[in-house]
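The block underneath contains the structure these notes are about, expressed in structure tokens.
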Amino acid sequence: MKTSTYLVNIIALLSFASAGCAKMEFAKIVDNASLVVPTPSPSPTPPAKLPDHVYSDVVKSGNKQVDFLLVMDDSNSMLPDLKKLAASMSDFMVSLEASQIDWQMCLTTTRPLPDSAGVTHWGMPLTWAQYSPLAGTSPWVLKKGTTNMNSIFTSTVDTLQIGGTGSGDERAIKATYVNFQNVGNGCYRDGAAKSVIIISDEDERSVGGDITKVKAKDNPTAYQPLEAEDQPENLVKLSQSVFGDEVRFTFNSIIVKPGDSVCEMTQDQDTSPSHPGFVYSTMSNLTQGGIGSICDANFATSLNTFKDKIINSLSQINLECAPDLTTLTVAVDGQVIKNYSVSGNVLHFAAPLTEGTQLDMSYDCK
């Protein structure tokens, strides 16, 4: 009986030990020095953002040349103003030559002109009076170096048919538009800047296509809607298409300035009512041109302003858009410069860039 009890106790003890051993766990000892931690793959470097626009070119010698188109309003009320313009033009040309600008000039009017067969054409160049051009130069292309400019301008105005057929429908922008289209007329040289000077005491199509601007004493047909060739934006697009995006184009106006009621009343005392040049001033502002008053005692101040605008236009370039200035980089002959200003999408240099200068730019649009 004692032996049996003893065996039972031995079996129980072994069972307990076996059960205890089954539940035991031993921590694995790890040698940290033997661990190899994988190096994470580097994130790919995103490609650098390219600028929206990159420009690189050499300033051409043609940028020292300016081709002018003078557009005169030859309606009934304009004779005194045209004589005033003629008296100022020769001094204007002398000042241009002093600025070392190689210029030439054509002339047309704000109405269609008849050719030798009596067929009328918009923007047709007129022959200058008392002008003896050099061999190979057309008589309607006035050139730098001409000596008797005062008599040429005065005599040319005297020969105009003031108040001729169709002169009441003033269309300086349309006349310029059609003249630009006819590049075979000899008025324009490749690469030369283009500068239009118009003089009128009314707006495009008299009232600028705005029927509310018609006055009581106006001709019943004073209001005419503006057509595509009368629109300032379309003239800019045509200039870029015909002459190239890089060719400078300024449109300068001698007009009744919008808001100048004193000048308007003065001009209204003539044979027909005047109208402020709203469309013409828009055209001038669009091309960084000058705006002078037709009521000035003489046009010397206005023409000198135009001269400055012309010179400034040789020191600027039209960008594809208004640039983000934080991204704009300008280099001249490989050197980054900062002495420039930006107005809208026009970049103005502090000093004119001469021919042969390398110009490089890059920028993002705003």
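The way I read the labels, and the way they are meant: chains A, B, ... in the order of the structure tokens, residue 1 as the first residue of every chain, and ligand 1 as the first ligand shown, with later ones counted on from there.
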
Enumerate the residues of range 190-350 of chain A with a DSSP assignment of helix (DSSP H, G or I), computed from the backbone, and present them as a PDB file with N, CA and C atoms, in the first residue's frame.
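Result written to part14.pdb:
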ATOM      1  N   ILE A 211     -22.572 105.742 -81.422  1.00  0.00           N
ATOM      2  CA  ILE A 211     -23.660 106.618 -81.898  1.00  0.00           C
ATOM      3  C   ILE A 211     -24.005 107.694 -80.874  1.00  0.00           C
ATOM      4  N   THR A 212     -23.675 107.470 -79.607  1.00  0.00           N
ATOM      5  CA  THR A 212     -23.988 108.470 -78.585  1.00  0.00           C
ATOM      6  C   THR A 212     -23.088 109.697 -78.697  1.00  0.00           C
ATOM      7  N   LYS A 213     -22.018 109.602 -79.485  1.00  0.00           N
ATOM      8  CA  LYS A 213     -21.096 110.730 -79.649  1.00  0.00           C
ATOM      9  C   LYS A 213     -21.500 111.662 -80.798  1.00  0.00           C
ATOM     10  N   ALA A 228     -13.672  95.520 -88.982  1.00  0.00           N
ATOM     11  CA  ALA A 228     -12.482  94.815 -88.487  1.00  0.00           C
ATOM     12  C   ALA A 228     -11.217  95.623 -88.712  1.00  0.00           C
ATOM     13  N   GLU A 229     -11.116  96.320 -89.855  1.00  0.00           N
ATOM     14  CA  GLU A 229      -9.889  97.058 -90.168  1.00  0.00           C
ATOM     15  C   GLU A 229      -9.794  98.382 -89.418  1.00  0.00           C
ATOM     16  N   ASP A 230     -10.822  98.730 -88.660  1.00  0.00           N
ATOM     17  CA  ASP A 230     -10.795  99.936 -87.821  1.00  0.00           C
ATOM     18  C   ASP A 230     -10.377  99.635 -86.383  1.00  0.00           C
ATOM     19  N   PRO A 232      -8.139  98.696 -83.201  1.00  0.00           N
ATOM     20  CA  PRO A 232      -6.724  98.785 -82.812  1.00  0.00           C
ATOM     21  C   PRO A 232      -6.048  97.424 -82.670  1.00  0.00           C
ATOM     22  N   GLU A 233      -6.720  96.470 -82.031  1.00  0.00           N
ATOM     23  CA  GLU A 233      -6.092  95.160 -81.811  1.00  0.00           C
ATOM     24  C   GLU A 233      -5.753  94.474 -83.127  1.00  0.00           C
ATOM     25  N   ASN A 234      -6.600  94.652 -84.128  1.00  0.00           N
ATOM     26  CA  ASN A 234      -6.351  94.002 -85.412  1.00  0.00           C
ATOM     27  C   ASN A 234      -5.168  94.626 -86.146  1.00  0.00           C
ATOM     28  N   LEU A 235      -4.961  95.933 -85.961  1.00  0.00           N
ATOM     29  CA  LEU A 235      -3.808  96.575 -86.589  1.00  0.00           C
ATOM     30  C   LEU A 235      -2.511  96.075 -85.956  1.00  0.00           C
ATOM     31  N   VAL A 236      -2.507  95.879 -84.642  1.00  0.00           N
ATOM     32  CA  VAL A 236      -1.322  95.332 -83.972  1.00  0.00           C
ATOM     33  C   VAL A 236      -1.033  93.922 -84.496  1.00  0.00           C
ATOM     34  N   LYS A 237      -2.061  93.099 -84.603  1.00  0.00           N
ATOM     35  CA  LYS A 237      -1.871  91.729 -85.099  1.00  0.00           C
ATOM     36  C   LYS A 237      -1.347  91.735 -86.534  1.00  0.00           C
ATOM     37  N   LEU A 238      -1.863  92.648 -87.352  1.00  0.00           N
ATOM     38  CA  LEU A 238      -1.395  92.720 -88.739  1.00  0.00           C
ATOM     39  C   LEU A 238       0.065  93.128 -88.785  1.00  0.00           C
ATOM     40  N   SER A 239       0.444  94.116 -87.977  1.00  0.00           N
ATOM     41  CA  SER A 239       1.838  94.551 -87.950  1.00  0.00           C
ATOM     42  C   SER A 239       2.757  93.387 -87.587  1.00  0.00           C
ATOM     43  N   GLN A 240       2.369  92.613 -86.594  1.00  0.00           N
ATOM     44  CA  GLN A 240       3.177  91.455 -86.191  1.00  0.00           C
ATOM     45  C   GLN A 240       3.242  90.413 -87.292  1.00  0.00           C
ATOM     46  N   SER A 241       2.130  90.227 -87.983  1.00  0.00           N
ATOM     47  CA  SER A 241       2.077  89.221 -89.044  1.00  0.00           C
ATOM     48  C   SER A 241       2.914  89.634 -90.251  1.00  0.00           C
ATOM     49  N   VAL A 242       2.834  90.911 -90.627  1.00  0.00           N
ATOM     50  CA  VAL A 242       3.518  91.388 -91.834  1.00  0.00           C
ATOM     51  C   VAL A 242       5.002  91.643 -91.577  1.00  0.00           C
ATOM     52  N   PHE A 243       5.306  92.314 -90.455  1.00  0.00           N
ATOM     53  CA  PHE A 243       6.679  92.764 -90.217  1.00  0.00           C
ATOM     54  C   PHE A 243       7.446  91.869 -89.237  1.00  0.00           C
ATOM     55  N   SER A 261     -12.321 119.290 -72.810  1.00  0.00           N
ATOM     56  CA  SER A 261     -13.543 119.954 -73.274  1.00  0.00           C
ATOM     57  C   SER A 261     -13.245 121.322 -73.885  1.00  0.00           C
ATOM     58  N   VAL A 262     -12.212 122.010 -73.389  1.00  0.00           N
ATOM     59  CA  VAL A 262     -11.857 123.326 -73.931  1.00  0.00           C
ATOM     60  C   VAL A 262     -11.396 123.178 -75.375  1.00  0.00           C
ATOM     61  N   CYS A 263     -10.519 122.234 -75.629  1.00  0.00           N
ATOM     62  CA  CYS A 263     -10.051 121.991 -76.999  1.00  0.00           C
ATOM     63  C   CYS A 263     -11.207 121.576 -77.897  1.00  0.00           C
ATOM     64  N   GLU A 264     -12.076 120.713 -77.377  1.00  0.00           N
ATOM     65  CA  GLU A 264     -13.218 120.254 -78.183  1.00  0.00           C
ATOM     66  C   GLU A 264     -14.115 121.424 -78.586  1.00  0.00           C
ATOM     67  N   MET A 265     -14.388 122.337 -77.651  1.00  0.00           N
ATOM     68  CA  MET A 265     -15.231 123.495 -77.975  1.00  0.00           C
ATOM     69  C   MET A 265     -14.544 124.400 -78.989  1.00  0.00           C
ATOM     70  N   THR A 266     -13.222 124.541 -78.857  1.00  0.00           N
ATOM     71  CA  THR A 266     -12.471 125.361 -79.808  1.00  0.00           C
ATOM     72  C   THR A 266     -12.569 124.774 -81.206  1.00  0.00           C
ATOM     73  N   GLN A 267     -12.381 123.482 -81.332  1.00  0.00           N
ATOM     74  CA  GLN A 267     -12.448 122.824 -82.635  1.00  0.00           C
ATOM     75  C   GLN A 267     -13.864 122.830 -83.200  1.00  0.00           C
ATOM     76  N   ASP A 268     -14.857 122.833 -82.337  1.00  0.00           N
ATOM     77  CA  ASP A 268     -16.256 122.838 -82.793  1.00  0.00           C
ATOM     78  C   ASP A 268     -16.639 124.153 -83.471  1.00  0.00           C
ATOM     79  N   PHE A 278     -11.089 108.851 -79.000  1.00  0.00           N
ATOM     80  CA  PHE A 278     -11.053 107.738 -78.046  1.00  0.00           C
ATOM     81  C   PHE A 278     -10.373 106.502 -78.649  1.00  0.00           C
ATOM     82  N   VAL A 279     -10.761 106.145 -79.865  1.00  0.00           N
ATOM     83  CA  VAL A 279     -10.177 104.962 -80.499  1.00  0.00           C
ATOM     84  C   VAL A 279      -8.705 105.205 -80.823  1.00  0.00           C
ATOM     85  N   TYR A 280      -8.382 106.425 -81.274  1.00  0.00           N
ATOM     86  CA  TYR A 280      -6.988 106.733 -81.605  1.00  0.00           C
ATOM     87  C   TYR A 280      -6.100 106.714 -80.365  1.00  0.00           C
ATOM     88  N   SER A 281      -6.601 107.215 -79.242  1.00  0.00           N
ATOM     89  CA  SER A 281      -5.801 107.185 -78.016  1.00  0.00           C
ATOM     90  C   SER A 281      -5.619 105.747 -77.532  1.00  0.00           C
ATOM     91  N   THR A 282      -6.634 104.915 -77.717  1.00  0.00           N
ATOM     92  CA  THR A 282      -6.491 103.498 -77.388  1.00  0.00           C
ATOM     93  C   THR A 282      -5.406 102.862 -78.241  1.00  0.00           C
ATOM     94  N   MET A 283      -5.406 103.211 -79.531  1.00  0.00           N
ATOM     95  CA  MET A 283      -4.411 102.677 -80.452  1.00  0.00           C
ATOM     96  C   MET A 283      -3.000 103.106 -80.030  1.00  0.00           C
ATOM     97  N   SER A 284      -2.835 104.353 -79.640  1.00  0.00           N
ATOM     98  CA  SER A 284      -1.531 104.852 -79.213  1.00  0.00           C
ATOM     99  C   SER A 284      -1.072 104.172 -77.930  1.00  0.00           C
ATOM    100  N   ASN A 285      -1.980 104.056 -76.962  1.00  0.00           N
ATOM    101  CA  ASN A 285      -1.611 103.419 -75.701  1.00  0.00           C
ATOM    102  C   ASN A 285      -1.256 101.952 -75.892  1.00  0.00           C
ATOM    103  N   LEU A 286      -1.929 101.303 -76.809  1.00  0.00           N
ATOM    104  CA  LEU A 286      -1.694  99.885 -77.054  1.00  0.00           C
ATOM    105  C   LEU A 286      -0.294  99.627 -77.598  1.00  0.00           C
ATOM    106  N   ALA A 300       5.439 121.242 -82.142  1.00  0.00           N
ATOM    107  CA  ALA A 300       6.826 120.916 -81.829  1.00  0.00           C
ATOM    108  C   ALA A 300       6.915 120.026 -80.588  1.00  0.00           C
ATOM    109  N   THR A 301       6.141 120.356 -79.548  1.00  0.00           N
ATOM    110  CA  THR A 301       6.187 119.573 -78.308  1.00  0.00           C
ATOM    111  C   THR A 301       5.706 118.150 -78.550  1.00  0.00           C
ATOM    112  N   SER A 302       4.594 118.026 -79.268  1.00  0.00           N
ATOM    113  CA  SER A 302       4.054 116.693 -79.557  1.00  0.00           C
ATOM    114  C   SER A 302       5.039 115.868 -80.376  1.00  0.00           C
ATOM    115  N   LEU A 303       5.621 116.484 -81.392  1.00  0.00           N
ATOM    116  CA  LEU A 303       6.543 115.749 -82.251  1.00  0.00           C
ATOM    117  C   LEU A 303       7.804 115.345 -81.495  1.00  0.00           C
ATOM    118  N   ASN A 304       8.271 116.202 -80.589  1.00  0.00           N
ATOM    119  CA  ASN A 304       9.424 115.827 -79.775  1.00  0.00           C
ATOM    120  C   ASN A 304       9.073 114.667 -78.841  1.00  0.00           C
ATOM    121  N   THR A 305       7.840 114.669 -78.345  1.00  0.00           N
ATOM    122  CA  THR A 305       7.382 113.536 -77.541  1.00  0.00           C
ATOM    123  C   THR A 305       7.389 112.265 -78.381  1.00  0.00           C
ATOM    124  N   PHE A 306       6.931 112.371 -79.619  1.00  0.00           N
ATOM    125  CA  PHE A 306       6.931 111.211 -80.508  1.00  0.00           C
ATOM    126  C   PHE A 306       8.355 110.732 -80.766  1.00  0.00           C
ATOM    127  N   LYS A 307       9.261 111.703 -80.914  1.00  0.00           N
ATOM    128  CA  LYS A 307      10.664 111.335 -81.134  1.00  0.00           C
ATOM    129  C   LYS A 307      11.192 110.528 -79.951  1.00  0.00           C
ATOM    130  N   ASP A 308      10.870 110.990 -78.733  1.00  0.00           N
ATOM    131  CA  ASP A 308      11.304 110.260 -77.547  1.00  0.00           C
ATOM    132  C   ASP A 308      10.675 108.869 -77.500  1.00  0.00           C
ATOM    133  N   LYS A 309       9.410 108.782 -77.884  1.00  0.00           N
ATOM    134  CA  LYS A 309       8.742 107.476 -77.919  1.00  0.00           C
ATOM    135  C   LYS A 309       9.416 106.558 -78.931  1.00  0.00           C
ATOM    136  N   ILE A 310       9.791 107.132 -80.064  1.00  0.00           N
ATOM    137  CA  ILE A 310      10.447 106.332 -81.101  1.00  0.00           C
ATOM    138  C   ILE A 310      11.786 105.824 -80.598  1.00  0.00           C
ATOM    139  N   ILE A 311      12.552 106.716 -79.955  1.00  0.00           N
ATOM    140  CA  ILE A 311      13.850 106.302 -79.429  1.00  0.00           C
ATOM    141  C   ILE A 311      13.654 105.251 -78.335  1.00  0.00           C
ATOM    142  N   ASN A 312      12.674 105.465 -77.462  1.00  0.00           N
ATOM    143  CA  ASN A 312      12.408 104.492 -76.418  1.00  0.00           C
ATOM    144  C   ASN A 312      11.998 103.143 -76.997  1.00  0.00           C
ATOM    145  N   SER A 313      11.289 103.172 -78.109  1.00  0.00           N
ATOM    146  CA  SER A 313      10.826 101.922 -78.696  1.00  0.00           C
ATOM    147  C   SER A 313      11.986 101.102 -79.223  1.00  0.00           C
TER     148      SER A 313
END

List the neighbours of range 100-102 of chain A out to 10 Å using only C-alpha atoms; skip same-chain residues closer than 6 positions along the sequence, and give me the result as JSON, numbers by chain. {"A": [62, 63, 64, 65, 66, 67, 93, 143, 144, 145, 192, 310, 311]}

Output all heavy atoms of each residue in that selection to a file, as a tab-separated table (two decimals), in the first residue's frame.
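part21.tsv was written with the following content:
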chain	number	residue	atom	x	y	z
A	62	GLY	N	18.91	96.68	-88.21
A	62	GLY	CA	17.68	97.37	-88.63
A	62	GLY	C	16.98	98.09	-87.52
A	62	GLY	O	16.14	98.95	-87.76
A	63	ASN	N	17.32	97.77	-86.26
A	63	ASN	CA	16.68	98.43	-85.14
A	63	ASN	C	17.05	99.90	-85.02
A	63	ASN	O	16.49	100.62	-84.21
A	63	ASN	CB	17.00	97.69	-83.84
A	63	ASN	CG	16.26	96.38	-83.74
A	63	ASN	OD1	15.23	96.19	-84.37
A	63	ASN	ND2	16.78	95.46	-82.95
A	64	LYS	N	18.05	100.36	-85.80
A	64	LYS	CA	18.38	101.79	-85.80
A	64	LYS	C	17.63	102.51	-86.92
A	64	LYS	O	17.83	103.69	-87.13
A	64	LYS	CB	19.89	101.95	-85.99
A	64	LYS	CG	20.70	101.45	-84.81
A	64	LYS	CD	22.18	101.58	-85.07
A	64	LYS	CE	22.62	103.03	-85.09
A	64	LYS	NZ	24.08	103.17	-85.23
A	65	GLN	N	16.79	101.79	-87.64
A	65	GLN	CA	16.01	102.38	-88.72
A	65	GLN	C	14.56	102.52	-88.29
A	65	GLN	O	14.03	101.69	-87.55
A	65	GLN	CB	16.09	101.50	-89.97
A	65	GLN	CG	17.48	101.33	-90.54
A	65	GLN	CD	17.49	100.37	-91.71
A	65	GLN	OE1	16.82	99.35	-91.71
A	65	GLN	NE2	18.25	100.71	-92.74
A	66	VAL	N	13.91	103.59	-88.78
A	66	VAL	CA	12.49	103.79	-88.51
A	66	VAL	C	11.81	104.16	-89.82
A	66	VAL	O	12.24	105.08	-90.52
A	66	VAL	CB	12.24	104.91	-87.47
A	66	VAL	CG1	10.74	105.07	-87.23
A	66	VAL	CG2	12.97	104.61	-86.17
A	67	ASP	N	10.75	103.44	-90.15
A	67	ASP	CA	9.91	103.76	-91.30
A	67	ASP	C	8.63	104.41	-90.80
A	67	ASP	O	7.89	103.81	-90.01
A	67	ASP	CB	9.56	102.48	-92.08
A	67	ASP	CG	10.79	101.81	-92.67
A	67	ASP	OD1	11.81	102.50	-92.85
A	67	ASP	OD2	10.73	100.60	-92.95
A	93	MET	N	12.18	116.25	-88.35
A	93	MET	CA	13.08	115.38	-89.10
A	93	MET	C	14.55	115.69	-88.78
A	93	MET	O	15.38	114.78	-88.69
A	93	MET	CB	12.82	115.53	-90.59
A	93	MET	CG	11.45	115.02	-91.01
A	93	MET	SD	11.21	113.32	-90.50
A	93	MET	CE	9.47	113.10	-90.86
A	143	LYS	N	13.24	110.53	-97.82
A	143	LYS	CA	14.39	109.88	-97.21
A	143	LYS	C	15.19	110.80	-96.30
A	143	LYS	O	15.21	112.03	-96.49
A	143	LYS	CB	15.32	109.37	-98.31
A	143	LYS	CG	14.82	108.13	-99.06
A	143	LYS	CD	15.11	106.88	-98.27
A	143	LYS	CE	14.88	105.62	-99.11
A	143	LYS	NZ	15.22	104.41	-98.34
A	144	LYS	N	15.88	110.19	-95.35
A	144	LYS	CA	16.85	110.89	-94.49
A	144	LYS	C	17.88	111.61	-95.36
A	144	LYS	O	18.32	111.08	-96.38
A	144	LYS	CB	17.55	109.86	-93.60
A	144	LYS	CG	18.75	110.38	-92.81
A	144	LYS	CD	19.40	109.23	-92.05
A	144	LYS	CE	20.72	109.66	-91.43
A	144	LYS	NZ	20.55	110.61	-90.32
A	145	GLY	N	18.23	112.83	-94.98
A	145	GLY	CA	19.24	113.58	-95.71
A	145	GLY	C	18.67	114.57	-96.71
A	145	GLY	O	19.42	115.37	-97.28
A	192	ALA	N	13.23	97.32	-89.95
A	192	ALA	CA	13.11	98.69	-89.45
A	192	ALA	C	11.88	98.82	-88.56
A	192	ALA	O	10.84	98.20	-88.80
A	192	ALA	CB	13.02	99.68	-90.60
A	310	ILE	N	9.79	107.13	-80.06
A	310	ILE	CA	10.45	106.33	-81.10
A	310	ILE	C	11.79	105.82	-80.60
A	310	ILE	O	12.14	104.66	-80.76
A	310	ILE	CB	10.62	107.17	-82.39
A	310	ILE	CG1	9.26	107.45	-83.01
A	310	ILE	CG2	11.52	106.45	-83.39
A	310	ILE	CD1	9.26	108.61	-83.96
A	311	ILE	N	12.55	106.72	-79.95
A	311	ILE	CA	13.85	106.30	-79.43
A	311	ILE	C	13.65	105.25	-78.34
A	311	ILE	O	14.35	104.24	-78.28
A	311	ILE	CB	14.62	107.51	-78.90
A	311	ILE	CG1	14.98	108.45	-80.06
A	311	ILE	CG2	15.88	107.08	-78.15
A	311	ILE	CD1	15.59	109.76	-79.64

Using only C-alpha atoms, find each residue in range 70-168 of chain A having at least one atom no more than 12 Å away from range 222-226 of chain A; report its shortest atom-to-atom pair and that distance in Å (one decimal), rows by chain then rising number, as a tab-separated table.
residue	atom	partner	partner_atom	distance
A:Gly166	CA	A:Ala222	CA	11.6
A:Ser167	CA	A:Ala222	CA	11.4
A:Gly168	CA	A:Ala222	CA	7.8

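Note that CA of Ser77 in chain A and CA of Phe180 in chain A are 27.1 Å apart.
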
Using DSSP on the backbone coordinates, identify all residues within range 148-343 of chain A classified as strand (DSSP E); present the result as a ChimeraX atom specification. /A:193-199,249-255,291-293,316-318,329-332,335-336,340-343

Nearby residues (only C-alpha atoms) at most 12 Å from Val157 in chain A, same-chain spacing under 6 positions excluded, as a VMD selection string: chain A and resid 70 to 74 78 to 87 89 107 to 109 126 to 130 150 to 151

Taking N, CA and C atoms for each residue, export the selection above as a PDB file, in the first residue's frame.
ATOM      1  N   LEU A  70       2.860 108.864 -92.271  1.00  0.00           N
ATOM      2  CA  LEU A  70       2.131 110.046 -91.820  1.00  0.00           C
ATOM      3  C   LEU A  70       0.724 109.977 -92.412  1.00  0.00           C
ATOM      4  N   VAL A  71      -0.306 110.003 -91.549  1.00  0.00           N
ATOM      5  CA  VAL A  71      -1.701 109.882 -91.993  1.00  0.00           C
ATOM      6  C   VAL A  71      -2.421 111.175 -91.638  1.00  0.00           C
ATOM      7  N   MET A  72      -2.788 111.935 -92.663  1.00  0.00           N
ATOM      8  CA  MET A  72      -3.426 113.240 -92.460  1.00  0.00           C
ATOM      9  C   MET A  72      -4.929 113.163 -92.692  1.00  0.00           C
ATOM     10  N   ASP A  73      -5.674 113.759 -91.794  1.00  0.00           N
ATOM     11  CA  ASP A  73      -7.114 113.969 -91.983  1.00  0.00           C
ATOM     12  C   ASP A  73      -7.270 115.174 -92.911  1.00  0.00           C
ATOM     13  N   ASP A  74      -7.801 114.927 -94.121  1.00  0.00           N
ATOM     14  CA  ASP A  74      -7.940 116.015 -95.100  1.00  0.00           C
ATOM     15  C   ASP A  74      -9.388 116.449 -95.270  1.00  0.00           C
ATOM     16  N   MET A  78      -9.752 120.711 -91.446  1.00  0.00           N
ATOM     17  CA  MET A  78      -8.391 120.386 -91.042  1.00  0.00           C
ATOM     18  C   MET A  78      -7.289 121.255 -91.651  1.00  0.00           C
ATOM     19  N   LEU A  79      -7.581 122.111 -92.603  1.00  0.00           N
ATOM     20  CA  LEU A  79      -6.515 122.840 -93.295  1.00  0.00           C
ATOM     21  C   LEU A  79      -5.626 123.636 -92.342  1.00  0.00           C
ATOM     22  N   PRO A  80      -6.166 124.410 -91.388  1.00  0.00           N
ATOM     23  CA  PRO A  80      -5.270 125.156 -90.484  1.00  0.00           C
ATOM     24  C   PRO A  80      -4.365 124.229 -89.678  1.00  0.00           C
ATOM     25  N   ASP A  81      -4.885 123.091 -89.254  1.00  0.00           N
ATOM     26  CA  ASP A  81      -4.089 122.162 -88.458  1.00  0.00           C
ATOM     27  C   ASP A  81      -3.011 121.484 -89.300  1.00  0.00           C
ATOM     28  N   LEU A  82      -3.323 121.200 -90.561  1.00  0.00           N
ATOM     29  CA  LEU A  82      -2.329 120.578 -91.423  1.00  0.00           C
ATOM     30  C   LEU A  82      -1.199 121.546 -91.750  1.00  0.00           C
ATOM     31  N   LYS A  83      -1.527 122.819 -91.922  1.00  0.00           N
ATOM     32  CA  LYS A  83      -0.483 123.816 -92.151  1.00  0.00           C
ATOM     33  C   LYS A  83       0.414 123.950 -90.914  1.00  0.00           C
ATOM     34  N   LYS A  84      -0.224 123.863 -89.741  1.00  0.00           N
ATOM     35  CA  LYS A  84       0.528 123.917 -88.489  1.00  0.00           C
ATOM     36  C   LYS A  84       1.467 122.702 -88.380  1.00  0.00           C
ATOM     37  N   LEU A  85       0.985 121.553 -88.812  1.00  0.00           N
ATOM     38  CA  LEU A  85       1.813 120.348 -88.791  1.00  0.00           C
ATOM     39  C   LEU A  85       2.983 120.475 -89.759  1.00  0.00           C
ATOM     40  N   ALA A  86       2.690 120.982 -90.981  1.00  0.00           N
ATOM     41  CA  ALA A  86       3.751 121.119 -91.986  1.00  0.00           C
ATOM     42  C   ALA A  86       4.868 122.028 -91.485  1.00  0.00           C
ATOM     43  N   ALA A  87       4.505 123.074 -90.742  1.00  0.00           N
ATOM     44  CA  ALA A  87       5.505 124.012 -90.248  1.00  0.00           C
ATOM     45  C   ALA A  87       6.410 123.384 -89.190  1.00  0.00           C
ATOM     46  N   MET A  89       7.121 119.879 -89.107  1.00  0.00           N
ATOM     47  CA  MET A  89       7.668 118.591 -89.501  1.00  0.00           C
ATOM     48  C   MET A  89       9.148 118.629 -89.863  1.00  0.00           C
ATOM     49  N   LEU A 107       3.346 109.077 -96.930  1.00  0.00           N
ATOM     50  CA  LEU A 107       2.196 109.895 -96.548  1.00  0.00           C
ATOM     51  C   LEU A 107       0.931 109.337 -97.176  1.00  0.00           C
ATOM     52  N   THR A 108      -0.152 109.299 -96.389  1.00  0.00           N
ATOM     53  CA  THR A 108      -1.469 108.987 -96.930  1.00  0.00           C
ATOM     54  C   THR A 108      -2.496 109.806 -96.157  1.00  0.00           C
ATOM     55  N   THR A 109      -3.766 109.617 -96.456  1.00  0.00           N
ATOM     56  CA  THR A 109      -4.824 110.384 -95.790  1.00  0.00           C
ATOM     57  C   THR A 109      -5.820 109.436 -95.138  1.00  0.00           C
ATOM     58  N   LEU A 126       0.914 108.999-101.112  1.00  0.00           N
ATOM     59  CA  LEU A 126       0.894 110.200-101.933  1.00  0.00           C
ATOM     60  C   LEU A 126       2.314 110.607-102.321  1.00  0.00           C
ATOM     61  N   THR A 127       2.449 111.187-103.505  1.00  0.00           N
ATOM     62  CA  THR A 127       3.741 111.708-103.951  1.00  0.00           C
ATOM     63  C   THR A 127       4.029 113.028-103.238  1.00  0.00           C
ATOM     64  N   TRP A 128       5.249 113.191-102.728  1.00  0.00           N
ATOM     65  CA  TRP A 128       5.632 114.432-102.054  1.00  0.00           C
ATOM     66  C   TRP A 128       5.860 115.537-103.090  1.00  0.00           C
ATOM     67  N   ALA A 129       5.381 116.729-102.777  1.00  0.00           N
ATOM     68  CA  ALA A 129       5.564 117.867-103.675  1.00  0.00           C
ATOM     69  C   ALA A 129       6.971 118.444-103.526  1.00  0.00           C
ATOM     70  N   GLN A 130       7.520 118.950-104.639  1.00  0.00           N
ATOM     71  CA  GLN A 130       8.843 119.581-104.664  1.00  0.00           C
ATOM     72  C   GLN A 130       9.941 118.657-104.105  1.00  0.00           C
ATOM     73  N   ASN A 150      11.299 121.667 -95.355  1.00  0.00           N
ATOM     74  CA  ASN A 150      10.257 122.641 -95.030  1.00  0.00           C
ATOM     75  C   ASN A 150       9.367 122.916 -96.237  1.00  0.00           C
ATOM     76  N   SER A 151       9.951 123.148 -97.397  1.00  0.00           N
ATOM     77  CA  SER A 151       9.153 123.414 -98.602  1.00  0.00           C
ATOM     78  C   SER A 151       8.405 122.157 -99.051  1.00  0.00           C
TER      79      SER A 151
END

Can you tell me which residues surround Leu50 in chain A at a distance of at most 9 Å, considering only C-alpha atoms, apart from same-chain residues fewer than 3 positions away, and format the answer as a ChimeraX atom specification? /A:47,53,364

Residue nearest Val332 in chain A among A:Val59, A:Val214, A:Val207, A:Val141 (counting only C-alpha atoms): A:Val59

Would you pick out the contacts of Met124 in chain A at 10 Å or less, using only C-alpha atoms, so that residues sharing its chain but fewer than 6 positions from it are not included, and give the list as a PyMOL selection string? chain A and resi 106-109+111-115+140+175-176+178-179+182+185

Residues near Leu353 in chain A, anyone? I mean within 9 Å using only C-alpha atoms, not counting same-chain ones fewer than 3 positions away, as a PyMOL selection string. chain A and resi 59+63+314-316+332+349+356-357+359

Dump as a CSV table (one decimal), in the first residue's frame, selection limited to N, CA and C atoms:
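What follows is the written file part_9.csv:
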chain,number,residue,atom,x,y,z
A,59,VAL,N,20.7,91.5,-81.5
A,59,VAL,CA,20.0,92.7,-82.0
A,59,VAL,C,20.5,93.1,-83.4
A,63,ASN,N,17.3,97.8,-86.3
A,63,ASN,CA,16.7,98.4,-85.1
A,63,ASN,C,17.1,99.9,-85.0
A,314,LEU,N,13.1,101.7,-79.5
A,314,LEU,CA,14.3,101.0,-79.9
A,314,LEU,C,15.0,100.4,-78.7
A,315,SER,N,14.5,100.7,-77.5
A,315,SER,CA,15.1,100.2,-76.3
A,315,SER,C,14.2,99.2,-75.5
A,316,GLN,N,13.3,98.6,-76.2
A,316,GLN,CA,12.3,97.8,-75.5
A,316,GLN,C,12.0,96.5,-76.4
A,332,VAL,N,22.7,90.4,-71.2
A,332,VAL,CA,23.2,91.1,-72.4
A,332,VAL,C,24.6,90.7,-72.5
A,349,PHE,N,14.7,98.6,-71.7
A,349,PHE,CA,16.1,98.7,-71.3
A,349,PHE,C,16.5,100.1,-70.9
A,356,GLY,N,24.3,93.8,-83.0
A,356,GLY,CA,25.3,92.8,-82.6
A,356,GLY,C,25.3,92.4,-81.1
A,357,THR,N,24.5,93.1,-80.3
A,357,THR,CA,24.3,92.7,-78.9
A,357,THR,C,23.6,91.4,-78.8
A,359,LEU,N,21.2,89.1,-76.7
A,359,LEU,CA,20.2,89.2,-75.7
A,359,LEU,C,19.6,87.9,-75.4

Judged by only C-alpha atoms, the minimum distance to Gly209 in chain A among A:Gly277, A:Pro258, A:Ser195, A:Met149 is found for A:Gly277
